[in-house]
Each structure stands twice: as structure tokens, then as C-alpha cells.
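First the structure, in the form of C-alpha cells, and then the observations on it.
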Amino acid sequence: MLDTIRRDIQSVFERDPAARSVLEVALLYPGLHALWAHRAAHWLWQHNLKLLGRWVSQLARGITGIEIHPGAKIGEGFFIDHGMGVVIGETAEIGDNVTLYHGVTLGGTSLNKGKRHPTLEDNVVVGAGAKILGAITIGANSRIGANAVVVRSVPPNSVVVGVPGQIVKRKEERVAPQPDLNHNVMPDMIGASVISLMARVNALEQLMARREADSVRVPQDADDGFVI
């Protein structure tokens, strides 16, 4: 238990430069409080004390603004920065060293009792306001942009932006001991699409201009006339 608490506190120092002391982190970080409450609620849930587990999770929700269902499975090194408005569903599964920012939803899209929430593999970073919906998998070392809406599985080492989320595979696989927190560095998928369309339109206009020029010939003598 003490080792787990130390690891939870250490994950805050690894990913939040504003953290100044162990006492500050332990007393004033709602993401950490929500995680500790979830560990207790999850234990109760697993031991068939489901009502009591839900009560603990709802109590933590009222205090921290972070709602984690006691049935969710969370790995080591989990960190929620700020955290207000975070919602994690019952069948969600979260790997090691995952980072969530405020307003993130790991939601379900089915009325079935089975698996209906996302799985986040190791070292995933989810930007503020992002929504990951359904029984999909976000591959390891991936980064989800702020306010993205992800409704299909994402391969490892990917970047996802936009609504619905557009997947961009990284040129090189990323293997790092810590999550990639550069969630402000995102490709401009809309800009790239517009540039591609403009280039295509320009190429078509040039082709039409050449064809129009080739279809009209000036007469070579008085009897010829125009040939079209």
C-alpha cells in the first residue's frame, strides 16, 4: 500500500512542474484524491460490496469533480491533471503511466452489460475535453488532442485530432519511460486537406486551360476557317 501511494505521488512530480512538495501533492491534488478513492471503491466492488463502492465513488465525485466508476480498471502511474469534469465508465481499462486532462470522457455507446467503454494502453495522453467513446482500444504511446472525439480504435504510436478523430501515424515508433505530454503539438488535418484540395483544383484548372488552347487553331489560309 505504501509503495503504491509513493508511486502515485511520484507520478505527479514526473508530469506536473507546478508540484512543489509531497505534502502539497498529497493534500491539494484532486486527481490524486480521486485515484485513491477509486482504489478503495474498486476493492469494494470486487468484493461484491457494489452499493458501498458506488457510494465511495459518488463521495469522491462530489469532492473532486472527477467521476470514476468503481468497476473501472486502472494501472500504475495514472495521473489526472486538474481533473474537473473527468468521467471514466464502468468497463473502462487504463494501462500504466496514462495521463488525462480535465473534461475527458471515457464513455460507452451501448446498452449491453458487457464491455462498452474504452481501453487505454500504456503511456497514452488524452488532452482536455477529449471524448473517447465505445469499446475501442487506444494503442500504447498515443496522444489524443484536446476536444477530439474518438469512436474507433487507434493503433500504437498515433496522434488523433478533430471531430470525428483523425488518426495520424507517427513516422517513428515512440518508446519512452514517460508519457508524451506535448499534447499541444498536433497536426493541422483541416489545413492539410485544404492545401491538398487547392493544389488539386489548380492542377485541374491548368489542365483545362491547356485543352482549351489545343482545341482552337488559327486558320492557315483564307479558305480554311476556324477548326474546333
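Residues in the C-alpha cells are named by chain (A, B, ... in the order shown) and by number from 1 within that chain; ligands are numbered from 1 in the order shown.
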Next on the checklist: Neighbouring residues of A:Asp8 were defined as those with any atom within 9 Å, considering only C-alpha atoms; residues of the same chain fewer than 6 positions away were excluded. Please report them as a list of chain:residue names.
Outcome noted: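 Answer for this query is A:Leu32, A:Leu35, A:Trp36, A:Glu76, A:Gly77, A:Phe78, A:Phe79.
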Given the selection you just returned, output its residues as a file containing C-alpha atoms, formatted as a short mmCIF file (atom, residue, chain, number, x, y, z; two decimals), in the first residue's frame.
data_model
loop_
_atom_site.label_atom_id
_atom_site.label_comp_id
_atom_site.auth_asym_id
_atom_site.auth_seq_id
_atom_site.Cartn_x
_atom_site.Cartn_y
_atom_site.Cartn_z
CA LEU A 32 -4.72 12.02 -6.69
CA LEU A 35 -7.46 7.89 -7.66
CA TRP A 36 -7.07 6.90 -4.01
CA GLU A 76 0.05 2.17 -12.09
CA GLY A 77 1.31 5.72 -12.58
CA PHE A 78 -2.13 7.09 -13.51
CA PHE A 79 -2.34 10.90 -13.39
#
Item to check | Within 7 Å of stretch 83-98 of chain A using only C-alpha atoms, minus same-chain residues under 5 positions, as an NGL selection string | outcome: :A and (30-31 or 65-78 or 103-108 or 115-125 or 178-179)
Please produce a file of the residues just selected, as a compact mmCIF listing (two decimals), in the first residue's frame, where the atoms kept are N, CA and C atoms.
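What follows is the written file part-v6.txt:
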# COMPACT_ATOMS: atom_id res chain seq x y z
N PRO A 30 -6.64 17.06 -6.57
CA PRO A 30 -7.89 16.30 -6.64
C PRO A 30 -7.77 15.03 -7.49
N GLY A 31 -6.92 15.05 -8.50
CA GLY A 31 -6.74 13.84 -9.31
C GLY A 31 -6.20 12.70 -8.48
N GLY A 65 -14.88 16.48 -8.24
CA GLY A 65 -15.39 16.77 -9.58
C GLY A 65 -14.97 15.75 -10.61
N ILE A 66 -14.43 14.62 -10.15
CA ILE A 66 -13.95 13.55 -11.04
C ILE A 66 -14.79 12.30 -10.76
N GLU A 67 -15.42 11.76 -11.79
CA GLU A 67 -16.28 10.60 -11.61
C GLU A 67 -15.62 9.36 -12.21
N ILE A 68 -15.24 8.43 -11.36
CA ILE A 68 -14.65 7.17 -11.79
C ILE A 68 -15.53 6.04 -11.27
N HIS A 69 -16.08 5.27 -12.17
CA HIS A 69 -16.92 4.15 -11.74
C HIS A 69 -16.05 3.13 -11.02
N PRO A 70 -16.52 2.55 -9.92
CA PRO A 70 -15.69 1.60 -9.17
C PRO A 70 -15.34 0.34 -9.94
N GLY A 71 -16.05 0.06 -11.03
CA GLY A 71 -15.72 -1.12 -11.83
C GLY A 71 -14.57 -0.91 -12.79
N ALA A 72 -14.17 0.34 -13.01
CA ALA A 72 -13.08 0.62 -13.95
C ALA A 72 -11.76 0.06 -13.44
N LYS A 73 -10.91 -0.38 -14.36
CA LYS A 73 -9.60 -0.93 -14.00
C LYS A 73 -8.51 0.07 -14.39
N ILE A 74 -7.68 0.44 -13.43
CA ILE A 74 -6.67 1.47 -13.63
C ILE A 74 -5.30 0.94 -13.22
N GLY A 75 -4.30 1.13 -14.09
CA GLY A 75 -2.95 0.65 -13.82
C GLY A 75 -2.15 1.60 -12.96
N GLU A 76 -0.85 1.37 -12.91
CA GLU A 76 0.05 2.17 -12.09
C GLU A 76 0.43 3.47 -12.80
N GLY A 77 0.83 4.47 -12.01
CA GLY A 77 1.31 5.72 -12.58
C GLY A 77 0.24 6.54 -13.26
N PHE A 78 -1.03 6.35 -12.90
CA PHE A 78 -2.13 7.09 -13.51
C PHE A 78 -2.16 8.51 -12.94
N GLY A 103 -11.97 17.42 -18.22
CA GLY A 103 -13.05 17.31 -19.20
C GLY A 103 -13.01 16.07 -20.06
N VAL A 104 -12.15 15.13 -19.77
CA VAL A 104 -12.05 13.91 -20.58
C VAL A 104 -13.18 12.95 -20.20
N THR A 105 -13.75 12.31 -21.23
CA THR A 105 -14.78 11.30 -21.01
C THR A 105 -14.36 9.99 -21.65
N LEU A 106 -14.36 8.93 -20.87
CA LEU A 106 -14.20 7.57 -21.39
C LEU A 106 -15.57 6.94 -21.27
N GLY A 107 -16.38 7.09 -22.32
CA GLY A 107 -17.79 6.75 -22.25
C GLY A 107 -18.18 5.53 -23.04
N GLY A 108 -19.39 5.07 -22.81
CA GLY A 108 -19.93 3.91 -23.50
C GLY A 108 -20.91 4.31 -24.59
N LYS A 115 -18.57 -5.36 -22.10
CA LYS A 115 -17.57 -4.32 -22.37
C LYS A 115 -18.15 -3.26 -23.29
N ARG A 116 -18.16 -2.02 -22.84
CA ARG A 116 -18.75 -0.93 -23.63
C ARG A 116 -18.00 0.38 -23.48
N HIS A 117 -16.88 0.34 -22.77
CA HIS A 117 -16.06 1.54 -22.58
C HIS A 117 -14.66 1.31 -23.12
N PRO A 118 -13.90 2.36 -23.32
CA PRO A 118 -12.59 2.24 -23.99
C PRO A 118 -11.53 1.55 -23.14
N THR A 119 -10.50 1.08 -23.84
CA THR A 119 -9.28 0.59 -23.22
C THR A 119 -8.13 1.49 -23.64
N LEU A 120 -7.41 2.04 -22.68
CA LEU A 120 -6.24 2.88 -22.95
C LEU A 120 -5.00 2.09 -22.56
N GLU A 121 -4.12 1.87 -23.53
CA GLU A 121 -2.89 1.14 -23.24
C GLU A 121 -1.86 2.06 -22.60
N ASP A 122 -0.66 1.55 -22.34
CA ASP A 122 0.35 2.28 -21.58
C ASP A 122 0.78 3.58 -22.26
N ASN A 123 1.08 4.58 -21.44
CA ASN A 123 1.69 5.85 -21.88
C ASN A 123 0.80 6.67 -22.81
N VAL A 124 -0.49 6.51 -22.71
CA VAL A 124 -1.42 7.32 -23.50
C VAL A 124 -1.65 8.66 -22.81
N VAL A 125 -1.73 9.73 -23.61
CA VAL A 125 -2.05 11.06 -23.09
C VAL A 125 -3.33 11.55 -23.78
N GLN A 178 8.32 7.82 -19.97
CA GLN A 178 7.25 8.69 -19.51
C GLN A 178 6.32 9.02 -20.68
N PRO A 179 5.06 9.33 -20.38
CA PRO A 179 4.13 9.71 -21.44
C PRO A 179 4.57 10.97 -22.17
Item to check | Sel. of strand (DSSP E or B) residues, stretch 37-222 of chain A, as an MDAnalysis selection string | outcome: chainID A and resid 67:68 73:74 79:80 87:88 93:94 99:100 105:107 119:120 125:126 131:133 137:138 143:144 149:150 154 158:161 166:169 217
For N, CA and C atoms, I'd like the residues from the last selection saved as a short mmCIF file (atom, residue, chain, number, x, y, z; two decimals), in the first residue's frame.
data_model
loop_
_atom_site.label_atom_id
_atom_site.label_comp_id
_atom_site.auth_asym_id
_atom_site.auth_seq_id
_atom_site.Cartn_x
_atom_site.Cartn_y
_atom_site.Cartn_z
N GLU A 67 -15.42 11.76 -11.79
CA GLU A 67 -16.28 10.60 -11.61
C GLU A 67 -15.62 9.36 -12.21
N ILE A 68 -15.24 8.43 -11.36
CA ILE A 68 -14.65 7.17 -11.79
C ILE A 68 -15.53 6.04 -11.27
N LYS A 73 -10.91 -0.38 -14.36
CA LYS A 73 -9.60 -0.93 -14.00
C LYS A 73 -8.51 0.07 -14.39
N ILE A 74 -7.68 0.44 -13.43
CA ILE A 74 -6.67 1.47 -13.63
C ILE A 74 -5.30 0.94 -13.22
N PHE A 79 -2.36 9.50 -13.83
CA PHE A 79 -2.34 10.90 -13.39
C PHE A 79 -3.45 11.67 -14.08
N ILE A 80 -4.26 12.36 -13.29
CA ILE A 80 -5.29 13.26 -13.81
C ILE A 80 -4.89 14.67 -13.44
N VAL A 87 -14.80 11.87 -16.60
CA VAL A 87 -15.74 10.77 -16.39
C VAL A 87 -15.13 9.50 -16.95
N ILE A 88 -15.06 8.46 -16.14
CA ILE A 88 -14.50 7.16 -16.55
C ILE A 88 -15.55 6.10 -16.27
N GLU A 93 -10.75 0.40 -19.16
CA GLU A 93 -9.49 -0.19 -18.69
C GLU A 93 -8.36 0.75 -19.06
N ILE A 94 -7.53 1.08 -18.09
CA ILE A 94 -6.46 2.05 -18.27
C ILE A 94 -5.13 1.41 -17.89
N THR A 99 -2.10 9.56 -18.77
CA THR A 99 -2.37 10.91 -18.29
C THR A 99 -3.67 11.43 -18.91
N LEU A 100 -4.57 11.95 -18.10
CA LEU A 100 -5.80 12.58 -18.56
C LEU A 100 -5.83 14.02 -18.09
N THR A 105 -13.75 12.31 -21.23
CA THR A 105 -14.78 11.30 -21.01
C THR A 105 -14.36 9.99 -21.65
N LEU A 106 -14.36 8.93 -20.87
CA LEU A 106 -14.20 7.57 -21.39
C LEU A 106 -15.57 6.94 -21.27
N GLY A 107 -16.38 7.09 -22.32
CA GLY A 107 -17.79 6.75 -22.25
C GLY A 107 -18.18 5.53 -23.04
N THR A 119 -10.50 1.08 -23.84
CA THR A 119 -9.28 0.59 -23.22
C THR A 119 -8.13 1.49 -23.64
N LEU A 120 -7.41 2.04 -22.68
CA LEU A 120 -6.24 2.88 -22.95
C LEU A 120 -5.00 2.09 -22.56
N VAL A 125 -1.73 9.73 -23.61
CA VAL A 125 -2.05 11.06 -23.09
C VAL A 125 -3.33 11.55 -23.78
N VAL A 126 -4.31 11.97 -22.99
CA VAL A 126 -5.59 12.43 -23.53
C VAL A 126 -5.77 13.89 -23.16
N LYS A 131 -13.20 13.20 -25.96
CA LYS A 131 -14.20 12.16 -25.68
C LYS A 131 -13.79 10.89 -26.42
N ILE A 132 -13.62 9.82 -25.67
CA ILE A 132 -13.29 8.51 -26.26
C ILE A 132 -14.46 7.60 -25.94
N LEU A 133 -15.16 7.15 -26.99
CA LEU A 133 -16.46 6.52 -26.80
C LEU A 133 -16.49 5.12 -27.39
N THR A 137 -9.94 0.54 -28.51
CA THR A 137 -8.62 0.50 -27.87
C THR A 137 -7.75 1.63 -28.39
N ILE A 138 -7.15 2.37 -27.48
CA ILE A 138 -6.19 3.41 -27.83
C ILE A 138 -4.80 2.81 -27.60
N ARG A 143 -1.34 9.82 -28.49
CA ARG A 143 -1.70 11.12 -27.93
C ARG A 143 -3.02 11.56 -28.56
N ILE A 144 -4.00 11.88 -27.72
CA ILE A 144 -5.31 12.33 -28.19
C ILE A 144 -5.40 13.83 -27.98
N VAL A 149 -12.92 13.77 -30.68
CA VAL A 149 -13.94 12.77 -30.41
C VAL A 149 -13.52 11.49 -31.11
N VAL A 150 -13.17 10.47 -30.34
CA VAL A 150 -12.60 9.24 -30.89
C VAL A 150 -13.63 8.13 -30.76
N VAL A 154 -7.44 3.02 -32.16
CA VAL A 154 -6.27 3.77 -32.60
C VAL A 154 -5.05 2.87 -32.45
N SER A 158 0.27 6.70 -32.24
CA SER A 158 -0.54 7.54 -33.12
C SER A 158 -0.87 8.87 -32.45
N VAL A 159 -1.27 9.83 -33.29
CA VAL A 159 -1.79 11.11 -32.83
C VAL A 159 -3.19 11.25 -33.41
N VAL A 160 -4.15 11.67 -32.59
CA VAL A 160 -5.54 11.79 -33.04
C VAL A 160 -6.02 13.21 -32.80
N VAL A 161 -6.61 13.82 -33.84
CA VAL A 161 -7.13 15.17 -33.73
C VAL A 161 -8.48 15.24 -34.44
N GLN A 166 -9.28 12.07 -36.35
CA GLN A 166 -8.49 11.62 -37.49
C GLN A 166 -7.15 11.10 -36.97
N ILE A 167 -6.79 9.91 -37.43
CA ILE A 167 -5.59 9.25 -36.93
C ILE A 167 -4.40 9.58 -37.80
N VAL A 168 -3.32 10.01 -37.17
CA VAL A 168 -2.06 10.26 -37.86
C VAL A 168 -1.02 9.34 -37.25
N LYS A 169 -0.45 8.44 -38.04
CA LYS A 169 0.57 7.52 -37.53
C LYS A 169 1.90 8.25 -37.48
N ARG A 217 -7.55 26.25 -83.27
CA ARG A 217 -6.39 26.54 -84.13
C ARG A 217 -6.70 27.73 -85.03
#
Next on the checklist: Let's see if you can do this: from backbone DSSP, list all helix (DSSP H, G or I) residues in stretch 77-208 of chain A, as a list in words.
Outcome noted: Met189, Ile190, Gly191, Ala192, Ser193, Val194, Ile195, Ser196, Leu197, Met198, Ala199, Arg200, Val201, Asn202, Ala203, Leu204, Glu205, Gln206, Leu207 and Met208 of chain A
Using C-alpha atoms, can you export the residues from the last selection as a PDB file, in the first residue's frame?
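The result, stored in result-v5.pdb:
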ATOM      1  CA  MET A 189      -5.574  17.991 -40.565  1.00  0.00           C
ATOM      2  CA  ILE A 190      -8.081  20.545 -41.880  1.00  0.00           C
ATOM      3  CA  GLY A 191      -5.315  22.831 -43.119  1.00  0.00           C
ATOM      4  CA  ALA A 192      -3.557  19.936 -44.827  1.00  0.00           C
ATOM      5  CA  SER A 193      -6.826  18.894 -46.511  1.00  0.00           C
ATOM      6  CA  VAL A 194      -7.488  22.441 -47.756  1.00  0.00           C
ATOM      7  CA  ILE A 195      -3.953  22.743 -49.149  1.00  0.00           C
ATOM      8  CA  SER A 196      -4.356  19.400 -50.910  1.00  0.00           C
ATOM      9  CA  LEU A 197      -7.697  20.458 -52.409  1.00  0.00           C
ATOM     10  CA  MET A 198      -6.294  23.804 -53.577  1.00  0.00           C
ATOM     11  CA  ALA A 199      -3.380  22.053 -55.272  1.00  0.00           C
ATOM     12  CA  ARG A 200      -5.797  19.666 -56.982  1.00  0.00           C
ATOM     13  CA  VAL A 201      -8.062  22.483 -58.178  1.00  0.00           C
ATOM     14  CA  ASN A 202      -5.052  24.390 -59.508  1.00  0.00           C
ATOM     15  CA  ALA A 203      -3.839  21.324 -61.409  1.00  0.00           C
ATOM     16  CA  LEU A 204      -7.315  20.794 -62.925  1.00  0.00           C
ATOM     17  CA  GLU A 205      -7.562  24.453 -63.974  1.00  0.00           C
ATOM     18  CA  GLN A 206      -4.199  24.241 -65.713  1.00  0.00           C
ATOM     19  CA  LEU A 207      -5.225  21.031 -67.490  1.00  0.00           C
ATOM     20  CA  MET A 208      -8.497  22.588 -68.709  1.00  0.00           C
TER      21      MET A 208
END
Checklist entry - Which residue, A:Ile9, A:Ile63, A:Leu51, A:Ala19, has the smallest gap to A:Ala34 when you use only C-alpha atoms? => result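 So, comparing all the options, the nearest one is A:Ile63.
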Next on the checklist: I'd like the interatomic distance between atom CA of A:Pro155 and atom CA of A:Ala135, to a tenth of an Å.
Outcome noted: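 Distance between the two atoms: 14.3 Å.
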Checklist outcome for this item: Atom pair atom CA of A:Ala41 + atom CA of A:Gln10, distance 22.1 Å
Checklist outcome for this item: For A:Gly114, the closest of A:His102, A:Gly134, A:Gly129, A:Gln46 counting only C-alpha atoms is A:Gly134
Item to check | Residue with smallest distance to A:His42 - pool A:Val12, A:Glu24, A:Tyr29, A:Val56, counting only C-alpha atoms | outcome: A:Val56
Item to check | Shell around A:Leu59 at 9 Å using only C-alpha atoms, local window under 5 positions removed, as an MDAnalysis selection string | outcome: chainID A and resid 37 54 64
